[in-house]
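A.B. asks: My structure file run-v3.cif, mmCIF, C-alpha atoms, is below:
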```cif
data_query
#
loop_
_atom_site.label_atom_id
_atom_site.label_comp_id
_atom_site.auth_asym_id
_atom_site.auth_seq_id
_atom_site.Cartn_x
_atom_site.Cartn_y
_atom_site.Cartn_z
CA MET A 1 -14.78 67.04 13.73
CA SER A 2 -15.69 66.34 17.31
CA THR A 3 -18.27 63.70 18.07
CA PRO A 4 -21.41 65.16 19.56
CA LYS A 5 -21.84 64.44 23.25
CA PRO A 6 -24.42 61.68 23.57
CA GLN A 7 -27.58 62.84 25.27
CA THR A 8 -28.32 60.99 28.47
CA SER A 9 -31.77 59.46 28.38
CA LEU A 10 -34.32 60.97 30.70
CA ARG A 11 -34.76 57.65 32.46
CA VAL A 12 -31.06 57.40 33.20
CA GLN A 13 -31.02 61.01 34.40
CA GLU A 14 -33.97 60.29 36.64
CA LEU A 15 -32.09 57.31 38.02
CA ILE A 16 -28.86 59.10 38.82
CA TYR A 17 -30.76 61.88 40.57
CA GLY A 18 -33.17 59.53 42.26
CA LEU A 19 -30.76 56.93 43.63
CA LYS A 20 -28.89 57.76 46.81
CA ILE A 21 -25.23 56.91 47.21
CA SER A 22 -26.19 54.71 50.18
CA GLU A 23 -28.25 52.51 47.83
CA VAL A 24 -25.32 51.98 45.49
CA MET A 25 -22.20 51.80 47.68
CA THR A 26 -20.58 48.69 49.15
CA LYS A 27 -21.55 48.69 52.80
CA LYS A 28 -19.06 46.12 54.00
CA VAL A 29 -15.85 48.13 54.10
CA HIS A 30 -12.45 46.79 54.98
CA ALA A 31 -10.77 49.61 56.94
CA VAL A 32 -7.66 49.77 59.10
CA SER A 33 -6.64 51.86 62.11
CA ARG A 34 -3.61 54.14 62.33
CA ARG A 35 -1.72 51.43 64.18
CA CYS A 36 -1.76 49.01 61.25
CA SER A 37 1.27 48.47 59.03
CA MET A 38 1.46 48.67 55.25
CA ARG A 39 1.87 44.89 55.25
CA ASP A 40 -1.46 44.53 57.08
CA VAL A 41 -3.10 46.60 54.35
CA GLN A 42 -1.46 44.52 51.64
CA THR A 43 -2.82 41.33 53.26
CA ILE A 44 -6.33 42.79 53.41
CA MET A 45 -6.15 43.89 49.77
CA LYS A 46 -4.95 40.47 48.67
CA SER A 47 -7.46 38.43 50.62
CA HIS A 48 -10.47 40.55 49.64
CA SER A 49 -9.35 41.47 46.09
CA ILE A 50 -9.66 45.20 46.71
CA THR A 51 -7.38 48.05 45.68
CA GLY A 52 -8.06 50.73 48.31
CA VAL A 53 -8.40 50.64 52.10
CA PRO A 54 -9.56 53.61 54.24
CA VAL A 55 -7.74 54.41 57.48
CA VAL A 56 -10.07 55.28 60.35
CA ASP A 57 -9.77 56.73 63.81
CA THR A 58 -12.85 56.26 65.99
CA ARG A 59 -14.79 55.55 62.77
CA ARG A 60 -13.76 58.86 61.15
CA VAL A 61 -11.85 58.62 57.89
CA VAL A 62 -8.34 60.00 58.37
CA GLY A 63 -6.67 58.63 55.26
CA ILE A 64 -6.75 56.10 52.48
CA VAL A 65 -4.15 53.62 51.23
CA SER A 66 -4.30 52.65 47.59
CA MET A 67 -2.42 50.01 45.62
CA ASN A 68 -0.11 52.78 44.48
CA ASP A 69 0.94 53.55 48.07
CA ILE A 70 1.58 49.86 48.67
CA MET A 71 3.83 49.72 45.60
CA ASN A 72 5.79 52.75 46.76
CA ALA A 73 6.31 51.28 50.23
CA LEU A 74 7.22 47.91 48.75
CA GLU A 75 9.78 49.50 46.43
CA GLN A 76 11.52 51.12 49.36
CA GLY A 77 11.26 48.08 51.64
CA CYS A 78 9.08 49.89 54.15
CA MET A 79 6.21 47.44 54.46
CA ASP A 80 6.44 47.42 58.24
CA ASP A 81 5.92 51.19 58.43
CA SER A 82 2.70 52.48 59.96
CA VAL A 83 0.03 53.30 57.41
CA THR A 84 0.11 56.94 58.54
CA LYS A 85 3.49 57.33 56.83
CA TRP A 86 2.22 56.31 53.39
CA MET A 87 -1.49 56.98 53.30
CA VAL A 88 -3.02 59.92 51.50
CA SER A 89 -4.45 61.98 54.32
CA GLU A 90 -6.45 64.50 52.37
CA VAL A 91 -9.35 62.28 51.60
CA GLN A 92 -12.31 63.33 49.54
CA THR A 93 -15.38 61.66 51.04
CA LEU A 94 -19.00 61.61 49.88
CA ALA A 95 -22.09 61.72 52.08
CA GLU A 96 -24.42 58.72 51.91
CA GLU A 97 -27.49 60.95 51.58
CA MET A 98 -26.18 62.53 48.36
CA PRO A 99 -27.74 61.59 45.02
CA LEU A 100 -25.76 59.26 42.79
CA SER A 101 -25.19 62.16 40.38
CA PHE A 102 -22.77 63.68 42.96
CA ALA A 103 -20.67 60.54 42.95
CA ILE A 104 -20.59 60.53 39.15
CA SER A 105 -19.40 64.17 39.14
CA ALA A 106 -16.77 63.34 41.76
CA PHE A 107 -15.40 60.53 39.58
CA SER A 108 -15.05 62.83 36.60
CA LYS A 109 -13.59 65.70 38.68
CA PHE A 110 -10.99 63.71 40.62
CA SER A 111 -8.75 60.92 39.46
CA PHE A 112 -9.54 58.73 42.48
CA ARG A 113 -10.87 55.26 41.76
CA ARG A 114 -12.92 55.04 44.94
CA PHE A 115 -14.50 57.35 47.50
CA PRO A 116 -15.16 56.54 51.15
CA VAL A 117 -18.78 57.34 52.03
CA VAL A 118 -19.68 58.84 55.39
CA ASN A 119 -22.93 59.12 57.36
CA ARG A 120 -24.34 62.20 59.05
CA LYS A 121 -22.03 61.75 62.02
CA ASN A 122 -19.14 61.81 59.59
CA GLU A 123 -18.38 58.14 60.28
CA LEU A 124 -17.32 55.68 57.60
CA ALA A 125 -20.46 54.01 56.20
CA GLY A 126 -19.35 52.54 52.92
CA ILE A 127 -17.18 52.85 49.84
CA ILE A 128 -18.14 53.58 46.25
CA THR A 129 -16.34 52.65 43.02
CA SER A 130 -17.38 53.04 39.38
CA ARG A 131 -18.17 49.34 39.39
CA ASN A 132 -20.83 49.97 42.02
CA ILE A 133 -22.33 52.68 39.82
CA ASN A 134 -22.34 50.51 36.70
CA LEU A 135 -23.94 47.59 38.48
CA ALA A 136 -26.60 49.77 40.10
CA LEU A 137 -27.50 51.41 36.80
CA ILE A 138 -27.70 48.08 34.97
CA ARG A 139 -29.81 46.63 37.78
CA GLU A 140 -32.23 49.54 37.83
CA LEU A 141 -32.49 49.86 34.05
CA SER A 142 -33.11 46.12 33.71
CA ARG A 143 -35.88 46.37 36.26
CA GLN A 144 -37.48 49.28 34.43
CA LEU A 145 -37.13 47.64 31.02
CA HIS A 146 -38.62 44.46 32.42
CA GLU A 147 -41.67 46.41 33.55
CA MET A 148 -41.92 48.08 30.14
CA GLU A 149 -41.70 44.75 28.30
CA HIS A 150 -44.63 43.43 30.25
CA GLN A 151 -46.76 46.35 29.18
CA HIS A 152 -45.60 46.08 25.59
CA GLU A 153 -48.03 43.97 23.60
CA LEU A 154 -48.08 43.73 19.82
CA PRO A 155 -50.20 46.60 18.45
CA ASP A 156 -53.74 45.83 17.29
CA ASP A 157 -53.63 48.55 14.65
CA LYS A 158 -53.22 46.63 11.39
CA THR A 159 -51.47 49.51 9.65
CA LEU A 160 -48.72 49.61 12.26
CA TYR A 161 -45.58 47.78 11.23
CA ASP A 162 -42.72 49.19 13.26
CA VAL A 163 -42.37 47.07 16.31
CA VAL A 164 -39.70 45.48 18.47
CA LYS A 165 -40.79 42.50 20.48
CA ILE A 166 -38.66 40.39 22.82
CA TYR A 167 -39.45 36.94 24.16
CA SER A 168 -37.66 35.00 26.86
CA LEU A 169 -37.10 31.26 26.31
CA HIS A 170 -36.18 28.61 28.87
CA ARG A 171 -34.26 25.40 28.55
CA TYR A 172 -36.36 22.34 27.63
CA ASP A 173 -39.59 24.34 27.75
CA PHE A 174 -41.02 22.64 24.66
CA GLU A 175 -44.49 23.53 25.81
CA ASN A 176 -43.91 27.23 25.14
CA GLY A 177 -41.36 26.87 22.34
CA GLY A 178 -43.09 28.17 19.23
CA LYS A 179 -45.45 30.64 20.89
CA ALA A 180 -43.38 33.63 19.83
CA SER A 181 -43.20 32.44 16.22
CA SER A 182 -46.96 31.86 16.06
CA GLU A 183 -47.60 35.34 17.43
CA ILE A 184 -45.24 37.00 14.95
CA LYS A 185 -46.65 34.98 12.06
CA LYS A 186 -50.15 36.13 12.96
CA PHE A 187 -48.97 39.74 13.28
CA LEU A 188 -47.43 39.69 9.78
CA LYS A 189 -50.33 37.82 8.21
CA GLU A 190 -52.71 40.49 9.47
CA ARG A 191 -50.54 43.04 7.69
CA GLY A 192 -50.78 41.34 4.33
CA ILE A 193 -47.58 39.28 4.32
CA THR A 194 -48.43 35.87 2.91
CA GLY A 195 -47.18 32.86 0.98
CA LYS A 196 -43.55 31.85 0.77
CA ILE A 197 -42.22 34.97 2.53
CA LEU A 198 -44.48 34.44 5.51
CA ARG A 199 -43.48 30.80 5.70
CA ARG A 200 -39.78 31.66 5.52
CA VAL A 201 -40.14 34.09 8.42
CA ALA A 202 -42.14 31.59 10.46
CA VAL A 203 -39.66 28.78 9.79
CA ALA A 204 -36.58 30.90 10.67
CA SER A 205 -38.21 32.14 13.82
CA TYR A 206 -39.49 28.72 14.88
CA GLU A 207 -36.17 26.96 14.26
CA LEU A 208 -34.39 29.62 16.34
CA GLU A 209 -36.98 29.33 19.06
CA ILE A 210 -36.65 25.53 19.19
CA ASN A 211 -32.86 25.91 19.18
CA LEU A 212 -33.01 28.10 22.28
CA VAL A 213 -35.28 25.62 24.06
CA ALA A 214 -33.40 22.49 22.98
CA HIS A 215 -29.77 23.55 22.99
CA SER A 216 -29.20 26.63 25.13
CA ILE A 217 -29.46 27.14 28.85
CA GLY A 218 -31.99 29.86 28.04
CA GLY A 219 -32.02 33.13 26.20
CA ILE A 220 -34.07 35.66 24.30
CA LEU A 221 -35.58 35.86 20.84
CA SER A 222 -36.21 39.35 19.52
CA PHE A 223 -38.03 40.63 16.47
CA ASP A 224 -37.35 43.98 14.89
CA ILE A 225 -39.96 44.64 12.24
CA ASN A 226 -40.54 47.48 9.81
CA LYS A 227 -42.30 47.79 6.47
CA GLU A 228 -39.33 46.43 4.53
CA ARG A 229 -38.02 43.55 6.57
CA ILE A 230 -37.92 41.51 9.73
CA LYS A 231 -34.76 40.97 11.76
CA ILE A 232 -34.92 37.97 14.06
CA SER A 233 -32.18 37.76 16.70
CA SER A 234 -31.51 34.93 19.05
CA HIS A 235 -29.20 35.47 22.02
CA ASP A 236 -28.43 32.85 24.60
CA ARG A 237 -26.24 32.59 27.67
CA GLY A 238 -24.52 29.37 26.68
CA PRO A 239 -23.14 26.81 26.37
CA GLY A 240 -21.88 28.17 23.02
CA ILE A 241 -21.05 26.30 19.82
CA GLU A 242 -17.68 24.63 19.58
CA ASN A 243 -17.55 24.45 15.80
CA ILE A 244 -19.85 26.78 13.87
CA LYS A 245 -19.02 25.23 10.50
CA GLN A 246 -20.11 21.85 11.83
CA ALA A 247 -23.27 23.30 13.36
CA LEU A 248 -24.20 24.69 9.95
CA THR A 249 -23.71 21.31 8.27
CA GLU A 250 -26.94 19.50 7.47
CA GLY A 251 -27.33 16.41 9.63
CA PHE A 252 -24.82 17.42 12.31
CA SER A 253 -26.48 17.46 15.71
CA THR A 254 -25.58 17.39 19.38
CA ALA A 255 -29.18 16.68 20.40
CA ASN A 256 -29.95 14.06 23.02
CA GLU A 257 -32.62 11.34 22.80
CA TRP A 258 -35.19 13.42 24.58
CA ILE A 259 -34.88 16.31 22.11
CA ARG A 260 -35.20 13.77 19.28
CA SER A 261 -38.33 12.35 20.90
CA GLN A 262 -39.83 15.82 20.54
CA GLY A 263 -39.36 15.69 16.77
CA PHE A 264 -36.19 17.74 16.60
CA GLY A 265 -32.45 17.29 16.66
CA ALA A 266 -32.01 16.08 13.10
CA GLY A 267 -29.26 18.61 12.57
CA MET A 268 -31.34 20.67 10.17
CA GLY A 269 -32.18 23.65 12.37
CA LEU A 270 -29.38 26.11 11.68
CA PRO A 271 -28.92 25.11 8.01
CA ASN A 272 -32.64 25.66 7.57
CA VAL A 273 -32.53 29.11 9.17
CA LYS A 274 -29.68 30.01 6.85
CA ARG A 275 -31.58 28.63 3.85
CA VAL A 276 -34.65 30.78 4.41
CA SER A 277 -32.78 33.98 5.38
CA ASP A 278 -31.77 36.80 3.07
CA GLN A 279 -29.04 37.67 5.53
CA PHE A 280 -27.67 35.35 8.15
CA ALA A 281 -25.05 35.93 10.84
CA ILE A 282 -23.83 33.79 13.69
CA GLN A 283 -21.34 34.35 16.50
CA SER A 284 -20.55 32.01 19.32
CA ALA A 285 -18.04 31.52 22.10
CA LEU A 286 -17.78 28.41 24.26
CA GLY A 287 -19.01 29.04 27.75
CA MET A 288 -20.35 32.45 26.81
CA GLY A 289 -23.23 32.08 24.42
CA THR A 290 -24.44 32.31 20.85
CA MET A 291 -25.93 35.13 18.81
CA ILE A 292 -27.77 34.38 15.58
CA GLN A 293 -29.38 36.95 13.35
CA SER A 294 -31.66 36.29 10.42
CA THR A 295 -33.03 39.02 8.16
CA ILE A 296 -35.84 38.43 5.68
CA TYR A 297 -37.12 41.09 3.28
CA PHE A 298 -40.83 41.24 2.56
CA ASN A 299 -40.21 42.41 -0.97
CA PRO A 300 -37.29 40.31 -2.24
CA GLU A 301 -36.18 42.90 -4.85
CA ARG A 302 -35.46 45.42 -2.12
CA LYS A 303 -32.93 43.40 -0.23
CA ASN A 304 -29.97 44.89 -2.04
CA GLU A 305 -30.98 48.46 -1.26
CA ASP A 306 -30.62 48.25 2.52
CA MET B 1 -59.38 14.95 -2.75
CA ASN B 2 -60.85 16.61 0.26
CA LEU B 3 -60.16 16.14 3.94
CA LYS B 4 -63.41 14.25 4.53
CA GLN B 5 -62.50 11.59 1.94
CA ILE B 6 -59.14 11.15 3.61
CA ALA B 7 -60.66 10.88 7.09
CA GLU B 8 -63.13 8.23 5.91
CA GLU B 9 -60.50 6.21 4.07
CA VAL B 10 -58.25 5.91 7.12
CA THR B 11 -61.15 5.69 9.61
CA ALA B 12 -59.88 8.77 11.39
CA HIS B 13 -61.86 10.68 13.95
CA VAL B 14 -61.73 14.42 14.13
CA VAL B 15 -60.26 15.69 17.38
CA CYS B 16 -60.36 19.35 16.46
CA ASP B 17 -62.21 20.71 13.46
CA LYS B 18 -62.77 24.09 11.90
CA MET B 19 -65.48 25.59 9.71
CA ASN B 20 -66.06 23.58 6.50
CA TRP B 21 -63.14 21.30 7.28
CA GLU B 22 -64.68 18.55 5.14
CA GLU B 23 -64.34 20.67 2.02
CA ILE B 24 -60.64 21.49 2.42
CA GLN B 25 -58.83 20.31 -0.70
CA ILE B 26 -55.59 18.45 -0.02
CA GLU B 27 -53.05 18.44 -2.80
CA THR B 28 -49.77 18.06 -0.98
CA ILE B 29 -48.97 15.72 1.90
CA PHE B 30 -45.87 15.29 4.04
CA ALA B 31 -45.39 12.25 6.24
CA SER B 32 -42.72 12.47 8.91
CA ASP B 33 -42.06 12.15 12.63
CA LEU B 34 -39.30 14.69 12.38
CA MET B 35 -40.60 18.22 12.54
CA SER B 36 -37.18 19.40 11.35
CA ASP B 37 -37.95 17.70 8.03
CA VAL B 38 -41.40 19.24 7.84
CA LEU B 39 -39.81 22.64 8.29
CA MET B 40 -37.30 21.95 5.52
CA SER B 41 -39.98 21.32 2.92
CA ASP B 42 -40.21 23.86 0.16
CA ARG B 43 -43.78 23.05 -0.87
CA ASP B 44 -46.98 24.26 0.73
CA GLU B 45 -47.76 21.10 2.62
CA MET B 46 -51.47 20.91 3.32
CA LEU B 47 -51.63 17.74 5.36
CA ILE B 48 -49.00 16.39 7.75
CA ILE B 49 -49.10 12.72 8.68
CA THR B 50 -47.10 11.86 11.78
CA SER B 51 -46.87 9.48 14.72
CA LEU B 52 -45.40 12.25 16.83
CA SER B 53 -48.28 13.19 19.08
CA THR B 54 -46.92 16.35 20.71
CA GLU B 55 -47.86 20.01 20.70
CA GLN B 56 -44.89 20.63 18.45
CA SER B 57 -46.49 18.61 15.62
CA VAL B 58 -49.39 21.06 15.69
CA ARG B 59 -47.03 24.00 16.15
CA ALA B 60 -44.92 22.96 13.14
CA ALA B 61 -48.06 22.56 11.03
CA GLY B 62 -49.11 26.09 11.96
CA ILE B 63 -45.66 27.41 11.09
CA VAL B 64 -45.62 25.92 7.57
CA GLY B 65 -49.26 26.83 7.06
CA ALA B 66 -50.62 23.28 6.85
CA GLU B 67 -54.39 22.86 7.05
CA ALA B 68 -54.42 19.60 8.96
CA VAL B 69 -52.41 17.11 11.02
CA LEU B 70 -53.24 13.41 10.93
CA ILE B 71 -51.89 11.51 13.93
CA ALA B 72 -51.27 7.86 13.07
CA ASN B 73 -50.95 4.75 15.22
CA ASN B 74 -53.81 5.51 17.58
CA LYS B 75 -51.67 7.84 19.65
CA THR B 76 -53.23 9.73 22.52
CA VAL B 77 -53.85 13.37 21.77
CA SER B 78 -53.33 15.73 24.70
CA ASP B 79 -55.66 18.58 25.66
CA GLY B 80 -52.81 20.98 25.01
CA MET B 81 -52.60 19.77 21.40
CA ILE B 82 -56.33 20.27 20.90
CA ALA B 83 -56.24 23.76 22.39
CA LEU B 84 -53.29 24.68 20.22
CA ALA B 85 -54.93 23.24 17.07
CA LYS B 86 -57.98 25.38 17.79
CA GLU B 87 -55.85 28.49 18.30
CA LEU B 88 -53.83 27.93 15.13
CA GLU B 89 -56.86 26.80 13.12
CA VAL B 90 -55.32 23.47 12.24
CA VAL B 91 -57.65 20.45 11.82
CA LEU B 92 -56.50 17.59 14.03
CA LEU B 93 -57.39 14.02 13.06
CA CYS B 94 -56.50 10.69 14.64
CA THR B 95 -56.35 7.28 12.93
CA PRO B 96 -55.86 3.84 14.43
CA LEU B 97 -53.85 2.80 11.36
CA PRO B 98 -50.06 2.77 11.46
CA LYS B 99 -48.32 5.51 9.49
CA TYR B 100 -47.31 3.31 6.53
CA GLU B 101 -50.82 1.90 6.04
CA THR B 102 -52.25 5.38 6.38
CA CYS B 103 -50.01 6.62 3.59
CA ILE B 104 -50.89 3.70 1.32
CA LYS B 105 -54.63 4.24 1.78
CA ILE B 106 -54.38 7.95 1.05
CA GLY B 107 -52.13 7.20 -1.91
CA THR B 108 -54.85 5.00 -3.36
CA ILE B 109 -57.42 7.81 -3.33
CA GLN B 110 -54.86 10.16 -4.78
CA ALA B 111 -54.20 7.75 -7.65
CA GLN B 112 -57.88 7.52 -8.59
#
```
Would you write the structure of this file as structure tokens?
C.D. replies:
Amino acid sequence: MSTPKPQTSLRVQELIYGLKISEVMTKKVHAVSRRCSMRDVQTIMKSHSITGVPVVDTRRVVGIVSMNDIMNALEQGCMDDSVTKWMVSEVQTLAEEMPLSFAISAFSKFSFRRFPVVNRKNELAGIITSRNINLALIRELSRQLHEMEHQHELPDDKTLYDVVKIYSLHRYDFENGGKASSEIKKFLKERGITGKILRRVAVASYELEINLVAHSIGGILSFDINKERIKISSHDRGPGIENIKQALTEGFSTANEWIRSQGFGAGMGLPNVKRVSDQFAIQSALGMGTMIQSTIYFNPERKNED
Amino acid sequence: MNLKQIAEEVTAHVVCDKMNWEEIQIETIFASDLMSDVLMSDRDEMLIITSLSTEQSVRAAGIVGAEAVLIANNKTVSDGMIALAKELEVVLLCTPLPKYETCIKIGTIQAQ
């Protein structure tokens, strides 16, 4: 059975049609003239960590030398040859005015890993790789999502449960640590969740929130809520936990005096989150970050049915 | 015992009140300067006694659903704490007594 082709979201489609290649490409191109040797190209590649160098003649692209060509020349001991001997001279270029969608099609049609980009006068104006495309899409989508998040408030309608809400937390910002948890607690209370369940959710959320403020360099806390359960996820950008087993041991703490002066850092945070969760998961890598997920069911008998 | 009896016994003044705060019945009390410990409690703590005069004391009270926070040791209460107490509907009281004496006095009413 073949997997169905994933449908591209309308927003992404709009982006790849709306962005011009000139907005995505690398403008600073390292190019060589016909007179340069293969060794010159190799030096450029090495010093700028690139894998393809266009060859130009009065700013027009006449060829391209890739890492592959360098290897072939190296193998035959011809590194002092002129680039014209080894370059690929039938170069597929893209015009800078074209929409990004053209570049994406070109990458799937040809096996090239980069395309020189030319301006209206057919002169070299830039170079585009799939890395450029990925970065541009991530940048643009992040910007759009950021705008959406700012419009996205918790619904007033008390019958509405399904909601995803994301909060950003900053290091040592104890003044705002806890705001998200208070908001979510209020949201659930208004929808009839009370007593021990409500307190468990609030405690898990608050401990995770304080953790982000006290121990991470910053991150996000997200809530995914439906009628059955709440999933609280904490993601941070570091520093990561060296020993997860230790971090989950009651009383173990890496907190400094200042965190302790705020009433935290007793080494009870993570064990407490685990204690109040129906499901608990943690992943961490030093220097990369930590992900913690806590799920709590509103009706405890239903937790085995998910 | 109700919150008013407690306030009178420890000569506390009310920094932030709420409707009918005097009548609130207090059955469970937790005394700690460590909010981590408050959060670990399994009971419905109604009153939190602490010398930690920060917004997080009020925040933690709101999280565990406590009705009131009693700040001991004559600590200064910030405007931020008062605003937060109002928002979370937590009664905020302040006593000049140290935490230990505060606990003893409240314990005496409880024993009656």
A.B. asks: Show which residues sit within 6 Å of region 204-218 of chain A, as an NGL selection string. Count all atoms listed in the file, and ignore same-chain residues fewer than 5 positions away.
C.D. replies: :A and (169-173 or 177-178 or 181 or 236 or 238 or 269 or 273)
A.B. asks: Produce a table with one row for each residue of chain A that has an atom at most 8 Å from any atom of chain B, each row naming the nearest atom pair and its distance in Å at one decimal; use all atoms listed in the file; arrange rows by chain and rising residue number; format as a tab-separated table.
C.D. replies:
```
residue	atom	partner	partner_atom	distance
A:Phe174	CA	B:Gln56	CA	7.6
A:Glu175	CA	B:Glu55	CA	7.1
A:Gly178	CA	B:Arg59	CA	6.5
A:Ser181	CA	B:Ile63	CA	7.6
A:Ser182	CA	B:Ile63	CA	6.8
A:Lys185	CA	B:Ile63	CA	7.7
A:Arg199	CA	B:Val64	CA	5.6
A:Ala202	CA	B:Ile63	CA	5.5
A:Val203	CA	B:Ile63	CA	6.3
A:Tyr206	CA	B:Ile63	CA	7.4
A:Gln262	CA	B:Thr54	CA	7.1
A:Gly263	CA	B:Leu34	CA	4.5
A:Phe264	CA	B:Ser36	CA	5.6
A:Gly265	CA	B:Ser36	CA	7.4
A:Ala266	CA	B:Ser36	CA	6.4
A:Met268	CA	B:Ser36	CA	6.1
A:Gly269	CA	B:Ser36	CA	6.6
A:Asn272	CA	B:Met40	CA	6.3
```
A.B. asks: Those selected residues, please, written with C-alpha atoms and delivered as a compact mmCIF listing (two decimals), in the coordinates of the input.
C.D. replies:
```
# COMPACT_ATOMS: atom_id res chain seq x y z
CA PHE A 174 -41.02 22.64 24.66
CA GLU A 175 -44.49 23.53 25.81
CA GLY A 178 -43.09 28.17 19.23
CA SER A 181 -43.20 32.44 16.22
CA SER A 182 -46.96 31.86 16.06
CA LYS A 185 -46.65 34.98 12.06
CA ARG A 199 -43.48 30.80 5.70
CA ALA A 202 -42.14 31.59 10.46
CA VAL A 203 -39.66 28.78 9.79
CA TYR A 206 -39.49 28.72 14.88
CA GLN A 262 -39.83 15.82 20.54
CA GLY A 263 -39.36 15.69 16.77
CA PHE A 264 -36.19 17.74 16.60
CA GLY A 265 -32.45 17.29 16.66
CA ALA A 266 -32.01 16.08 13.10
CA MET A 268 -31.34 20.67 10.17
CA GLY A 269 -32.18 23.65 12.37
CA ASN A 272 -32.64 25.66 7.57
```
A.B. asks: Please provide as a count of residues only all residues within 10 Å of Glu190 (chain A), with the sequence filter that same-chain residues fewer than 2 positions apart are discarded (counting all atoms listed in the file).
C.D. replies: 12
A.B. asks: At a cut-off of 12 Å, using all atoms listed in the file, what residues contact Gly107 (chain B)? Leave out same-chain residues fewer than 4 positions from it and give the result as a ChimeraX atom specification.
C.D. replies: /B:1,5-6,9-10,26-31,100-103,111-112
A.B. asks: Just to be explicit: take each residue in the selection above, keep C-alpha atoms, and write the result as a PDB file, keeping the file's coordinate frame.
C.D. replies:
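This is the output file part.pdb:
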```
ATOM      1  CA  MET B   1     -59.380  14.950  -2.750  1.00  0.00           C
ATOM      2  CA  GLN B   5     -62.500  11.590   1.940  1.00  0.00           C
ATOM      3  CA  ILE B   6     -59.140  11.150   3.610  1.00  0.00           C
ATOM      4  CA  GLU B   9     -60.500   6.210   4.070  1.00  0.00           C
ATOM      5  CA  VAL B  10     -58.250   5.910   7.120  1.00  0.00           C
ATOM      6  CA  ILE B  26     -55.590  18.450  -0.020  1.00  0.00           C
ATOM      7  CA  GLU B  27     -53.050  18.440  -2.800  1.00  0.00           C
ATOM      8  CA  THR B  28     -49.770  18.060  -0.980  1.00  0.00           C
ATOM      9  CA  ILE B  29     -48.970  15.720   1.900  1.00  0.00           C
ATOM     10  CA  PHE B  30     -45.870  15.290   4.040  1.00  0.00           C
ATOM     11  CA  ALA B  31     -45.390  12.250   6.240  1.00  0.00           C
ATOM     12  CA  TYR B 100     -47.310   3.310   6.530  1.00  0.00           C
ATOM     13  CA  GLU B 101     -50.820   1.900   6.040  1.00  0.00           C
ATOM     14  CA  THR B 102     -52.250   5.380   6.380  1.00  0.00           C
ATOM     15  CA  CYS B 103     -50.010   6.620   3.590  1.00  0.00           C
ATOM     16  CA  ALA B 111     -54.200   7.750  -7.650  1.00  0.00           C
ATOM     17  CA  GLN B 112     -57.880   7.520  -8.590  1.00  0.00           C
TER      18      GLN B 112
END
```
A.B. asks: Near Glu140 (chain A), counting only C-alpha atoms, which residues have an atom at most 12 Å away, once you skip same-chain residues fewer than 4 positions from it, shown as an MDAnalysis selection string?
C.D. replies: chainID A and resid 11:12 14:16 18:19 23:24 133:136 144:147
A.B. asks: Hey, which of A:Ile70, A:Leu286, A:Val32, A:Ala106 ends up closest to Trp86 (chain A)? Count only C-alpha atoms.
C.D. replies: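 Ranked by minimum distance to Trp86 (chain A), first place goes to A:Ile70.
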